[in-house]
Amino acid sequence: MAGLEFLWYLVIAFSVIAYTVLDGFDLGVGMLHPFVRTDTERRTFLNAIGPVWDGNEVWIVVVIGALFAGFPSVYATLFSSFYNLTMVLIACLIFRAAAIEFRSQKPSPRWRSLWDMVFAIASFGIAFFIGLAFGNLVQGIPLNAEGELEKALFNPWRPYPILIGVLAMALFTMHGAIFLVMKTEGELQEKLKKWTGRAIILFFIVYATTTWATWVYMPHMTERMRQSPGFLSIGVLAFLSIVNIFWEEHKRRYGRAFISSCIGIALFVALFGVGTYPMLIRSDIDSATYSLTIYNASSSALTLKILIIIAILGVPLVIAYGIWIYRIFRGKVKLGSHSY
Amino acid sequence: MDLLLLSRIQFAVNIGFHYLYPPLSIGLGFLLIIMEGMYVKTKNPLYKQMTKFWVKVFALTFAIGVATGLVQVFAFGTNWSRYSRFVGDVFGSALAAEGIFAFFLEAGFLGLMLFGWEKVKPSIHYLATIMVAAGAHFSAIWIVVANSWMQTPAGYKIVGEGDQARAVVTDFWEMIFNPSAVDRVIHVVIGCWLSGIFLVVSVAAYYILKKRHVAFAKTTMKIGLITGAVTLLLQFISADSSAKGVAENQPAKLAAMEGIFTSGPAPMGIIGWVDTEERRVKGIQIPGLLSFLIHGDFQQPVVGLDQIPQEDWPKVNVVFQAYHLMVYMWGAMVAVTALGLYYLRKKKLQNQRWLLWGLIVSVGFPQIANQVGWMTAEIGRQPWIVQGLLRTSQGVTTSLSSAQVFGSLTMFVLIYLLLFALFLFLLDRKIKHGPTDEPEEMIYRNMYEASKTPLKTNET
């Protein structure tokens with residue numbers, strides 16, 4: 001039994017990484033969308049993610065479904081506690097999906113501009129609220145002895161979670177910009193190369209601020225590192241990945257910059273895990289006893305075994321045909337009669 | 001307003017609106033396999049044209065299906081947190097399977113289906129279409145299996161007590177193949193096929209009426225009506241099997257479906273109104289027919305509501321009406337299909353304007369049937385959220401205020417009204433544009449303007 005919860009925790013962590021790396025650039029493209037002004041440029045952005053964004057988004061369903069199945073109390077507590085925020089997030093997800101599909105269906109500039117705005121705002125919203133949620137999980141929410149939320153004490157709009165919301169927006173914007181450089185050509189690509197440089201700098205400032213704020217104000221996140229300095233290497237590797245993005249961008253090697261960005265994102269998720277393990281929802285009333293952990297909130301051993309089998313059978317297949325489909329659509333965006 | 005009632009209404013609104021779209025995706029997916037298969041086999045460009053047209057419609061229904069479907073995975077946790085804790089061990093793995101095996105398949109290959117026409121060979125594109133349709137079907141299978149577990153729980157045990165009690169899986173295959181799962185999966189999937197078929201038939205009828213795209217319309221109509229006839233027959237067989245299952249496993253639901261208050265040989269109502277106070281149905285009934293359909297014997301007794309404690313009764317009249325409306329819709333579909341096939345054979349369909357209008361309107365029949373069918377299933381299971389194990393009132397999230405849920409419910413209603421209006425508008429545009437090879441007006445005026453002029457918001 002001991003290893004099963006940890007294994008499923010790893011599956012969820014993998015899914016979180018998959019979601020942030022993949023839908024991260026979809027969101028980044030959405031956040032950059034309002035900064036280009038012509039119809040062709042905007043259609044290029046949409047079609048850069050067009051064939052793949054839907055599959056990317058499925059990972060969020062996997063994360064949430066995996067929580068529901070493997071750690072049902074965590075799933076239940078998380079979404080009932082963050083009720084209002086979840087509803088706003090849902091609205092953003094709905095509108096982003098609608099915007100991508102509807103935007104080019106009429107030639108009218110007014111229609112297109114409206115949906116472009118919806119696409120952008122929804123993308124900002126999704127990125128920000130996911131960051132806000134993670135920030136709250138880092139800081140902890142007021143769970144009482146019964147594992148339920150003390151509503152009177154609950155405030156998701158604290159400075160640290162807001163900072164993480166900003167971090168998420170900056171991170172995904174940078175990630176999306178690098179992706180777009182790979183998918184575009186000519187004048188648009190030159191514009192994006194300039195923006196990528198700026199996005200990386202902006203991200204680095206927010207990242208540095210977040211690192212400082214976490215060390216100073218969230219000491220529990222770095223406790224494991226201070227006890228076992230080996231874990232510090234994850235933080236160092238994350239830093240090196242970010243620096244490498246600068247380096248590769250400077251060398252105009254955008255493919256490598258994108259890979260560094262993916263690795264950076266994965267390492268941030270790992271840092272979150274290292275800092276919080278084995279907690280899934282930290283209680284800031286009494287973190288030692290009231291928090292929901294992978295041990296006190298898990299499903300039965302049989303269910304965890306079944307889930308792991310489902311993952312072993314399904315995930316490699318998903319990755320295999322996912323790679324195949326990405327390869328078919330590799331290369332620069334070419335607008336055609338079937339495009340968005 | 002009461003928190004439980006608001007939460008129930010919100011869930012019903014969310015799932016009811018969502019359920020307009022996946023059945024169309026599943027039904028169209030099924031038909032696309034036929035249409036594109038015929039193109040790949042015969043290389044007849046008419047079939048390619050047909051496929052491309054319906055793929056565009058499919059993309060629209062799929063997009064809204066995804067947009068409204070995302071809500072569901074959150075909805076159990078937000079408003080039904082106690083239910084989530086209770087069933088997560090059981091229900092969660094069916095949902096996880098749906099995500100891994102179904103969603104990725106349909107969402108992944110969708111990109112190839114929509115955008116890959118020029119990028120891959122026709123046979124590879126056809127594979128993509130099959131994968132998308134398969135993914136949609138797998139999705140239906142997993143979610144109906146999960147819902148069936150709520151109707152007829154199996155393969156579990158209860159651990160813990162009181163508020164801490166939860167269901168824990170003891171046998172995965174027994175849980176999946178719970179007593180009602182197979183019947184209900186078949187019944188739901190056939191219902192989805194009917195949604196797609198009658199949308200296709202409706203559009204074909206419209207073109208024949210307006211004398212546009214006539215060759216396309218006639219071929220489409222033939223495919224639609226023939227598959228429709230076969231599917232309606234299959235649905236009848238499935239319905240019979242499902243009803244027998246309900247009689248055995250969910251007697252309260254069956255009793256409510258026909259307003260059977262007293263156990264004994266039971267009639268089948270043709271039309272009626274249930275008076276729960278007086279414990280009778282006012283209407284036209286055929287004596288003994290329900291007994292006959294369930295047991296093969298007009299005299300065999302059917303379990304009535306008298307054998308069930310009154311606190312365990314569903315809302316009898318609601319279930320009765322929903323169930324009967326579903327059957328009427330099946331009857332309506334049979335009528336238009338039979339008439340349509342008759343006149344099609346005589347090559348006189350294009351002159352029967354009354355029938356063509358009937359066929360246009362028939363797009364609504366399976367939609368209504370699907371909605372009221374699910375109402376029968378879910379309202380008929382009340383007051384249980386998991387039959388016999390957890391009441392709906394025990395499953396709701398109690399830490400929310402009525403104001404919060406009223407707020408979110410309002411948000412959903414407004415969003416869905418908007419999405420529905422847009423759906424109708426865009427669908428109408430596609431239908432009016434028709435299956436021509438000219439691209440829809442996607443290109444902004446001309447290419448030069450598109451690449452140079454910034455989009456202005458004060459122009460029309």
# chains A, B, ... in the order shown; residues from 1 in each chain; ligands from 1
>>> interface_residues(of="chain A", to="chain B", cutoff="6 Å", atoms="only C-alpha atoms", output="short mmCIF file (atom, residue, chain, number, x, y, z; two decimals) with C-alpha atoms, in the first residue's frame")
data_model
loop_
_atom_site.label_atom_id
_atom_site.label_comp_id
_atom_site.auth_asym_id
_atom_site.auth_seq_id
_atom_site.Cartn_x
_atom_site.Cartn_y
_atom_site.Cartn_z
CA ARG A 37 -3.20 43.83 -35.10
CA THR A 38 -3.98 42.37 -38.50
CA ASP A 39 -6.39 39.59 -39.34
CA THR A 40 -3.73 37.45 -41.02
CA PRO A 51 -4.67 21.31 -34.54
CA ASP A 54 -7.89 20.59 -27.79
CA GLY A 55 -5.73 17.56 -27.03
CA VAL A 62 -6.83 14.07 -16.47
CA GLY A 65 -10.12 13.15 -12.78
CA ALA A 66 -6.98 11.60 -11.31
CA PHE A 68 -11.14 12.58 -7.95
CA ALA A 69 -10.28 8.93 -8.39
CA PRO A 72 -11.38 11.99 -3.51
CA SER A 73 -11.33 14.11 -0.33
CA ALA A 76 -13.99 17.44 -3.06
CA PHE A 79 -13.34 22.55 -5.57
CA SER A 80 -15.92 23.19 -2.90
CA TYR A 83 -16.10 27.52 -5.37
CA ILE A 94 -15.72 27.85 -21.85
CA ALA A 97 -12.90 27.18 -26.38
CA PRO A 107 -15.69 37.81 -42.01
CA PRO A 109 -14.10 42.72 -38.34
CA ARG A 110 -16.34 43.54 -35.41
CA SER A 299 -8.66 5.83 -2.22
CA GLY A 314 -3.34 4.53 -21.65
CA HIS A 338 -9.54 24.65 -43.68
#
>>> residues_around(residues="Tyr160 in chain A", least_positions_apart="6", cutoff="12 Å", atoms="only C-alpha atoms", output="list in words")
Gly131, Leu132, Ala133, Phe134, Gly135, Asn136, Leu137, Val138, Gln139, Gly140, Val166, Leu167, Val206, Thr209, Thr210, Thr211, Trp212, Ala213, Thr214, Trp215, Val216, Tyr217 and Met218 of chain A
>>> write_last_selection(atoms="C-alpha atoms", output="short mmCIF file (atom, residue, chain, number, x, y, z; two decimals), in the first residue's frame")
data_model
loop_
_atom_site.label_atom_id
_atom_site.label_comp_id
_atom_site.auth_asym_id
_atom_site.auth_seq_id
_atom_site.Cartn_x
_atom_site.Cartn_y
_atom_site.Cartn_z
CA GLY A 131 -1.52 30.36 -10.56
CA LEU A 132 -3.70 31.83 -7.82
CA ALA A 133 -4.90 28.34 -6.90
CA PHE A 134 -1.35 26.97 -6.70
CA GLY A 135 -0.26 29.95 -4.66
CA ASN A 136 -3.05 29.29 -2.19
CA LEU A 137 -2.07 25.66 -1.95
CA VAL A 138 1.49 26.71 -1.17
CA GLN A 139 0.44 29.16 1.51
CA GLY A 140 -2.28 26.87 2.82
CA VAL A 166 1.27 36.81 -12.14
CA LEU A 167 4.10 34.28 -12.40
CA VAL A 206 8.74 37.75 -11.68
CA THR A 209 10.69 37.88 -7.02
CA THR A 210 8.79 34.62 -6.49
CA THR A 211 11.95 32.77 -5.47
CA TRP A 212 12.77 35.45 -2.91
CA ALA A 213 9.17 35.62 -1.63
CA THR A 214 9.03 31.83 -1.26
CA TRP A 215 12.32 31.65 0.65
CA VAL A 216 11.38 34.48 2.97
CA TYR A 217 7.63 34.09 3.47
CA MET A 218 6.95 30.40 2.80
#
>>> select_by_dssp(residues="range 143-369 of chain B", states="helix (DSSP H, G or I)", output="PyMOL selection string")
chain B and resi 143-151+162-164+172-176+181-210+214-249+251-258+289-295+305-307+310-312+316-345+349-351+353-361+364-369
>>> residues_around(residues="Glu174 in chain B", least_positions_apart="3", cutoff="8 Å", atoms="only C-alpha atoms", output="ChimeraX atom specification")
/B:154-155,171,177-178
>>> closest_residue(among="B:Tyr328, B:Asp312, B:Leu417, B:Gly264", to="Thr392 in chain B", atoms="only C-alpha atoms")
B:Asp312
>>> residues_around(residues="range 306-309 of chain B", least_positions_apart="2", cutoff="6 Å", atoms="only C-alpha atoms", output="ChimeraX atom specification")
/B:261-262,304,311-312
>>> write_last_selection(atoms="N, CA and C atoms", output="compact mmCIF listing (two decimals), in the first residue's frame")
# COMPACT_ATOMS: atom_id res chain seq x y z
N PHE B 261 -49.35 2.38 -8.51
CA PHE B 261 -49.38 2.57 -7.07
C PHE B 261 -49.67 1.28 -6.32
N THR B 262 -50.38 0.39 -6.99
CA THR B 262 -50.78 -0.87 -6.35
C THR B 262 -50.13 -2.02 -7.10
N GLY B 304 -45.48 -2.44 -7.20
CA GLY B 304 -46.03 -1.09 -7.19
C GLY B 304 -45.42 -0.26 -6.08
N GLU B 311 -41.06 7.66 1.66
CA GLU B 311 -39.93 8.59 1.61
C GLU B 311 -38.92 8.20 0.53
N ASP B 312 -39.10 7.01 -0.05
CA ASP B 312 -38.21 6.58 -1.13
C ASP B 312 -38.86 6.70 -2.50
>>> residues_around(residues="Ala369 in chain B", least_positions_apart="3", cutoff="9 Å", atoms="only C-alpha atoms", output="PyMOL selection string")
chain B and resi 191+322-323+325-330+364-366+372-374
>>> write_last_selection(atoms="N, CA and C atoms", output="tab-separated table (two decimals), in the first residue's frame")
chain	number	residue	atom	x	y	z
B	191	GLY	N	-29.52	6.25	-28.92
B	191	GLY	CA	-30.14	7.56	-28.85
B	191	GLY	C	-29.27	8.63	-29.47
B	322	ALA	N	-42.22	12.34	-18.35
B	322	ALA	CA	-40.94	12.31	-19.07
B	322	ALA	C	-40.81	11.03	-19.88
B	323	TYR	N	-41.10	9.92	-19.22
B	323	TYR	CA	-40.99	8.62	-19.88
B	323	TYR	C	-41.93	8.52	-21.08
B	325	LEU	N	-43.25	10.95	-22.84
B	325	LEU	CA	-42.83	11.87	-23.91
B	325	LEU	C	-41.70	11.25	-24.73
B	326	MET	N	-40.78	10.57	-24.05
B	326	MET	CA	-39.69	9.90	-24.75
B	326	MET	C	-40.26	8.87	-25.75
B	327	VAL	N	-41.23	8.11	-25.31
B	327	VAL	CA	-41.82	7.09	-26.19
B	327	VAL	C	-42.58	7.76	-27.35
B	328	TYR	N	-43.30	8.86	-27.04
B	328	TYR	CA	-44.00	9.56	-28.13
B	328	TYR	C	-43.00	10.01	-29.20
B	329	MET	N	-41.83	10.49	-28.75
B	329	MET	CA	-40.83	10.98	-29.69
B	329	MET	C	-40.34	9.84	-30.58
B	330	TRP	N	-40.16	8.68	-29.98
B	330	TRP	CA	-39.78	7.52	-30.79
B	330	TRP	C	-40.84	7.25	-31.83
B	364	GLY	N	-35.69	17.79	-33.90
B	364	GLY	CA	-35.96	17.96	-32.48
B	364	GLY	C	-36.40	16.70	-31.76
B	365	PHE	N	-36.91	15.71	-32.51
B	365	PHE	CA	-37.48	14.53	-31.83
B	365	PHE	C	-36.45	13.77	-30.99
B	366	PRO	N	-35.29	13.39	-31.55
B	366	PRO	CA	-34.34	12.69	-30.69
B	366	PRO	C	-33.76	13.58	-29.60
B	372	VAL	N	-35.66	13.98	-22.08
B	372	VAL	CA	-36.65	13.43	-21.15
B	372	VAL	C	-36.30	12.01	-20.75
B	373	GLY	N	-35.58	11.30	-21.61
B	373	GLY	CA	-35.10	9.97	-21.24
B	373	GLY	C	-34.19	10.05	-20.03
B	374	TRP	N	-33.24	11.00	-20.07
B	374	TRP	CA	-32.34	11.17	-18.93
B	374	TRP	C	-33.10	11.66	-17.71
>>> residues_around(residues="Gly245 in chain B", least_positions_apart="2", cutoff="12 Å", atoms="only C-alpha atoms", output="PyMOL selection string")
chain B and resi 148+151-152+178-184+187+238-243+247-251+253-254+293-295
>>> atom_distance(atom1="CA of Ala13 in chain A", atom2="CA of Ile319 in chain A")
15.8 Å
>>> closest_residue(among="A:Met117, A:Glu146, A:Ile245, A:His175", to="Ala257 in chain A", atoms="only C-alpha atoms")
A:Ile245
>>> closest_residue(among="A:Arg96, A:Lys251, A:Lys334, A:Arg256", to="Ala122 in chain A", atoms="only C-alpha atoms")
A:Arg96
>>> select_by_dssp(residues="range 200-401 of chain B", states="strand (DSSP E)", output="number ranges by chain")
B: 264-265, 268-275, 280-286, 301-302, 384-386, 390-391
